[in-house]
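All remarks here apply to the structure that follows.
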Amino acid sequence: MNQVEMGVRRFGRVNWLGLYTLAKREILRFAVVWTQTLLAPLVTAGLFLMIFTIAIGPNRGDVMGVPFAHFLAPGILMMTVIQNSFANTSSSLVISKVQGNIVDTLMPPLAPLEIVLGYLAGGITRGLMVAVAISLGLVVFLGMHVAHPLILLMFILLGGALLGAVGILAGIIANKFDQMAAITNFIVTPLAFLSGTFYSVTALPPVLETVSRFNPIFYLIDGARYGFIGVSDSSPALGLAVVAGATAVLVAVSWGMLRTGYRLKS
């Protein structure tokens with residue numbers, strides 16, 4: 001008879017229970033304060049759309065063959081998704097480091113990749129919930145309909161994963177809230193606003209248009225626009241490939257940092 005030592009628990013290749021528990025914790029973390037994490041972004045997105053439509057819409061004709069408000073809406077949707085996905089993963093890590101309880105995540109029998117996936121699950125779920133709520137609002141209040149639902153869903157999930165991975169990296173690098181604020185203000189926000197959210201990149205000078213096409217967030221905005229209204233500045237297939245590749249690279253870097261304990265273990 002095989003003897004198993006007391007207290008030893010054997011997991012398979014993946015600790016599914018641990019991964020599920022971490023993902024559940026990350027989802028519950030934002031769900032219990034839904035007025036801040038879900039309702040507030042919806043209000044912000046609505047205000048963005050209302051202000052730009054009132055200020056610019058009446059004086060501007062169609063953009064890419066659609067009304068300006070319809071052109072603007074998918075970009076605001078995706079921008080809100082990625083901001084919330086980034087905020088979920090980055091804030092979770094930084095708060096744990098500041099409060100000194102990051103050990104509660106590092107000590108359990110979770111592989112580095114399982115930790116990355118657990119955090120990403122929270123970020124992607126939060127982004128997806130925000131996207132569903134905004135999409136319903138666009139359908140009800142603007143009379144829009146989703147041209148390519150599957151493509152839109154793919155870009156939303158990839159957007160949540162990409163910025164969720166960026167949030168993990170930012171959370172690992174930052175040791176204080178002001179460092180996280182610097183990353184948000186000087187890296188994430190400029191990339192989001194300079195990605196074609198409020199304009200078509202084809203309207204830019206050639207040099208700036210070329211630079212914009214090196215920004216992965218541009219492909220998220222453009223892909224969401226294609227999924228929602230059926231028009232875009234670039235090929236959706238190219239966008240999916242770029243975003244998937246960038247996500248894979250960032251997840252791999254996050255895995256490497258967690259594996260070595262960079263700025264997490266003394």
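In the structure tokens, each chain is lettered A, B, ... as it comes, each chain's residues begin at 1, and ligands are numbered from 1 in order of appearance.
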
Can you pull out the residues contacting range 245-262 of chain A? Cut-off 6 Å, using only C-alpha atoms, and skip same-chain residues under 5 positions away; I want them as a CSV table (one decimal) with N, CA, C and O atoms, in the first residue's frame.
chain,number,residue,atom,x,y,z
A,112,PRO,N,3.5,30.5,-10.9
A,112,PRO,CA,3.5,31.9,-11.4
A,112,PRO,C,2.4,32.1,-12.5
A,112,PRO,O,1.7,33.1,-12.5
A,113,LEU,N,2.3,31.2,-13.4
A,113,LEU,CA,1.3,31.4,-14.5
A,113,LEU,C,-0.1,31.3,-14.0
A,113,LEU,O,-1.0,32.1,-14.5
A,162,LEU,N,-5.0,42.2,-22.5
A,162,LEU,CA,-3.8,43.0,-22.7
A,162,LEU,C,-3.6,44.0,-21.6
A,162,LEU,O,-2.5,44.1,-21.1
A,165,ALA,N,-2.8,42.5,-18.3
A,165,ALA,CA,-1.4,42.1,-18.2
A,165,ALA,C,-0.5,43.4,-17.9
A,165,ALA,O,0.5,43.3,-17.1
A,169,LEU,N,2.0,44.1,-14.6
A,169,LEU,CA,3.4,44.6,-14.7
A,169,LEU,C,3.5,45.9,-13.9
A,169,LEU,O,4.5,46.0,-13.2

Q. What gap, in Å, lies between CA of Ile54 in chain A and CA of Ile221 in chain A?
A.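 Distance between the two atoms: 21.8 Å.
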
(Q) Would you pick out the contacts of Leu136 in chain A at 12 Å or less, using only C-alpha atoms, so that residues sharing its chain but fewer than 5 positions from it are not included, and give the list as a list in words? (A)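 Contacts, in chain order: Leu42, Ala73, Leu77, Met129, Val130, Ala131, Phe141, Leu142, Gly143, Met144, His145, Val146 and Phe228 of chain A.
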
Saved selection, atoms kept: all heavy atoms, as a compact mmCIF listing (two decimals), in the first residue's frame:
# COMPACT_ATOMS: atom_id res chain seq x y z
N LEU A 42 -19.59 53.56 -16.09
CA LEU A 42 -20.72 53.74 -17.01
C LEU A 42 -21.12 55.21 -17.08
O LEU A 42 -21.41 55.73 -18.15
CB LEU A 42 -21.91 52.89 -16.55
CG LEU A 42 -21.68 51.38 -16.45
CD1 LEU A 42 -22.98 50.68 -16.06
CD2 LEU A 42 -21.16 50.83 -17.76
N ALA A 73 -18.93 56.07 -30.18
CA ALA A 73 -19.37 55.17 -29.11
C ALA A 73 -18.50 53.92 -28.93
O ALA A 73 -18.12 53.61 -27.79
CB ALA A 73 -20.83 54.78 -29.36
N LEU A 77 -16.41 52.85 -25.56
CA LEU A 77 -16.65 51.55 -24.94
C LEU A 77 -15.33 50.83 -24.66
O LEU A 77 -15.07 50.38 -23.54
CB LEU A 77 -17.54 50.70 -25.85
CG LEU A 77 -17.92 49.30 -25.36
CD1 LEU A 77 -19.28 48.90 -25.93
CD2 LEU A 77 -16.90 48.25 -25.78
N MET A 129 -18.00 43.00 -18.06
CA MET A 129 -19.25 43.46 -17.46
C MET A 129 -19.52 44.92 -17.82
O MET A 129 -20.66 45.30 -18.13
CB MET A 129 -19.20 43.28 -15.94
CG MET A 129 -19.18 41.83 -15.51
SD MET A 129 -19.04 41.61 -13.72
CE MET A 129 -20.64 42.22 -13.18
N VAL A 130 -18.48 45.74 -17.80
CA VAL A 130 -18.64 47.14 -18.20
C VAL A 130 -19.04 47.23 -19.67
O VAL A 130 -19.91 48.02 -20.05
CB VAL A 130 -17.33 47.92 -17.94
CG1 VAL A 130 -17.38 49.29 -18.59
CG2 VAL A 130 -17.08 48.06 -16.44
N ALA A 131 -18.41 46.40 -20.51
CA ALA A 131 -18.71 46.42 -21.95
C ALA A 131 -20.16 46.04 -22.22
O ALA A 131 -20.83 46.65 -23.07
CB ALA A 131 -17.77 45.47 -22.68
N PHE A 141 -30.32 53.67 -26.15
CA PHE A 141 -30.40 55.13 -26.23
C PHE A 141 -29.97 55.71 -27.58
O PHE A 141 -30.43 56.78 -27.97
CB PHE A 141 -29.57 55.76 -25.11
CG PHE A 141 -30.10 55.45 -23.74
CD1 PHE A 141 -29.44 54.56 -22.90
CD2 PHE A 141 -31.26 56.05 -23.28
CE1 PHE A 141 -29.92 54.27 -21.64
CE2 PHE A 141 -31.77 55.77 -22.01
CZ PHE A 141 -31.09 54.87 -21.19
N LEU A 142 -29.07 55.02 -28.28
CA LEU A 142 -28.64 55.53 -29.58
C LEU A 142 -29.22 54.74 -30.75
O LEU A 142 -29.00 55.09 -31.91
CB LEU A 142 -27.11 55.52 -29.68
CG LEU A 142 -26.36 56.53 -28.80
CD1 LEU A 142 -24.86 56.46 -29.09
CD2 LEU A 142 -26.87 57.95 -29.03
N GLY A 143 -29.92 53.67 -30.44
CA GLY A 143 -30.51 52.86 -31.50
C GLY A 143 -29.49 52.12 -32.33
O GLY A 143 -29.78 51.76 -33.48
N MET A 144 -28.31 51.87 -31.77
CA MET A 144 -27.27 51.17 -32.51
C MET A 144 -27.52 49.66 -32.46
O MET A 144 -28.22 49.17 -31.58
CB MET A 144 -25.89 51.51 -31.94
CG MET A 144 -25.53 52.98 -32.03
SD MET A 144 -23.92 53.36 -31.27
CE MET A 144 -22.80 52.44 -32.34
N HIS A 145 -26.93 48.95 -33.38
CA HIS A 145 -26.95 47.49 -33.33
C HIS A 145 -25.54 46.99 -33.63
O HIS A 145 -24.77 47.63 -34.33
CB HIS A 145 -27.95 46.91 -34.33
CG HIS A 145 -27.54 47.09 -35.76
ND1 HIS A 145 -27.77 48.26 -36.46
CD2 HIS A 145 -26.90 46.25 -36.62
CE1 HIS A 145 -27.31 48.15 -37.69
NE2 HIS A 145 -26.76 46.93 -37.82
N VAL A 146 -25.23 45.85 -33.06
CA VAL A 146 -23.87 45.29 -33.20
C VAL A 146 -23.76 44.59 -34.54
O VAL A 146 -24.48 43.62 -34.82
CB VAL A 146 -23.57 44.32 -32.05
CG1 VAL A 146 -22.15 43.77 -32.19
CG2 VAL A 146 -23.74 45.01 -30.70
N PHE A 228 -18.73 46.80 -33.80
CA PHE A 228 -20.00 47.45 -33.47
C PHE A 228 -20.67 48.05 -34.70
O PHE A 228 -21.87 47.84 -34.93
CB PHE A 228 -19.78 48.54 -32.43
CG PHE A 228 -20.85 48.57 -31.37
CD1 PHE A 228 -20.57 48.27 -30.05
CD2 PHE A 228 -22.16 48.89 -31.70
CE1 PHE A 228 -21.55 48.28 -29.08
CE2 PHE A 228 -23.16 48.91 -30.74
CZ PHE A 228 -22.86 48.59 -29.42

(Q) Could you go through range 27-240 of chain A and tell me which residues DSSP, when run on the backbone, assigns to helix (DSSP H, G or I), listing them as a PyMOL selection string? (A) chain A and resi 27-31+34-55+57-59+68-99+103-106+112-141+149-173+177-193+201-203+206-212+216-229+236-240

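If only C-alpha atoms are the atoms counted, then among A:Phe193, A:Tyr219, A:Trp16, A:Phe71 the closest residue to Leu117 in chain A is A:Trp16.
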
Q: Excluding Leu49 in chain A and residues on its chain fewer than 4 positions from it, collect all residues at most 8 Å away from it, counting only C-alpha atoms, and give them as a ChimeraX atom specification.
A: /A:45,53,69,72-73,76

Contacts of range 162-224 of chain A with range 94-99 of chain A up to 10 Å, shortest pair per row, only C-alpha atoms, as CSV:
residue,atom,partner,partner_atom,distance
A:Gly167,CA,A:Val94,CA,9.8
A:Ile168,CA,A:Val94,CA,9.3
A:Ala170,CA,A:Val94,CA,8.6
A:Gly171,CA,A:Val94,CA,5.2
A:Ile172,CA,A:Val94,CA,7.4
A:Ile173,CA,A:Val94,CA,9.0
A:Ala174,CA,A:Val94,CA,6.8
A:Asn175,CA,A:Val94,CA,6.5
A:Lys176,CA,A:Val98,CA,6.7
A:Phe177,CA,A:Val94,CA,7.1
A:Gln179,CA,A:Val94,CA,9.7
A:Met180,CA,A:Val94,CA,7.8

Q) Using only C-alpha atoms, which of A:Asp222, A:Asp104, A:Leu110, A:Gly230 sits nearest Val242 in chain A? A)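 Among the listed residues, the smallest separation from Val242 in chain A belongs to A:Asp222.
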
Q.
Could you list, as a PyMOL selection string, every residue within 12 Å of range 203-209 of chain A, counting only C-alpha atoms and ignoring same-chain residues fewer than 6 positions away?
A. chain A and resi 63-64+194-196+215+218+233-234

**Q.** Nearest to Gly18 in chain A, chosen from A:Asn185, A:Thr80, A:Thr105, A:Thr44, with only C-alpha atoms counted in the distances
**A.** A:Thr105

Q | Contact residues around His148 in chain A with only C-alpha atoms at 12 Å, ignoring same-chain residues under 4 positions, as a VMD selection string | A | chain A and resid 152 to 155 223 to 231 236

Writing out the chosen residues with C-alpha atoms as a CSV table (one decimal), in the first residue's frame:
chain,number,residue,atom,x,y,z
A,152,LEU,CA,-16.6,42.6,-30.9
A,153,LEU,CA,-16.5,40.0,-28.1
A,154,MET,CA,-13.0,38.8,-29.2
A,155,PHE,CA,-11.6,42.3,-29.1
A,223,GLY,CA,-11.5,46.4,-33.8
A,224,ALA,CA,-14.3,47.4,-31.4
A,225,ARG,CA,-15.5,49.9,-34.0
A,226,TYR,CA,-15.5,47.3,-36.7
A,227,GLY,CA,-17.4,44.9,-34.4
A,228,PHE,CA,-20.0,47.4,-33.5
A,229,ILE,CA,-20.6,49.5,-36.6
A,230,GLY,CA,-18.8,47.5,-39.3
A,231,VAL,CA,-16.2,50.0,-40.4
A,236,PRO,CA,-9.7,43.3,-38.1
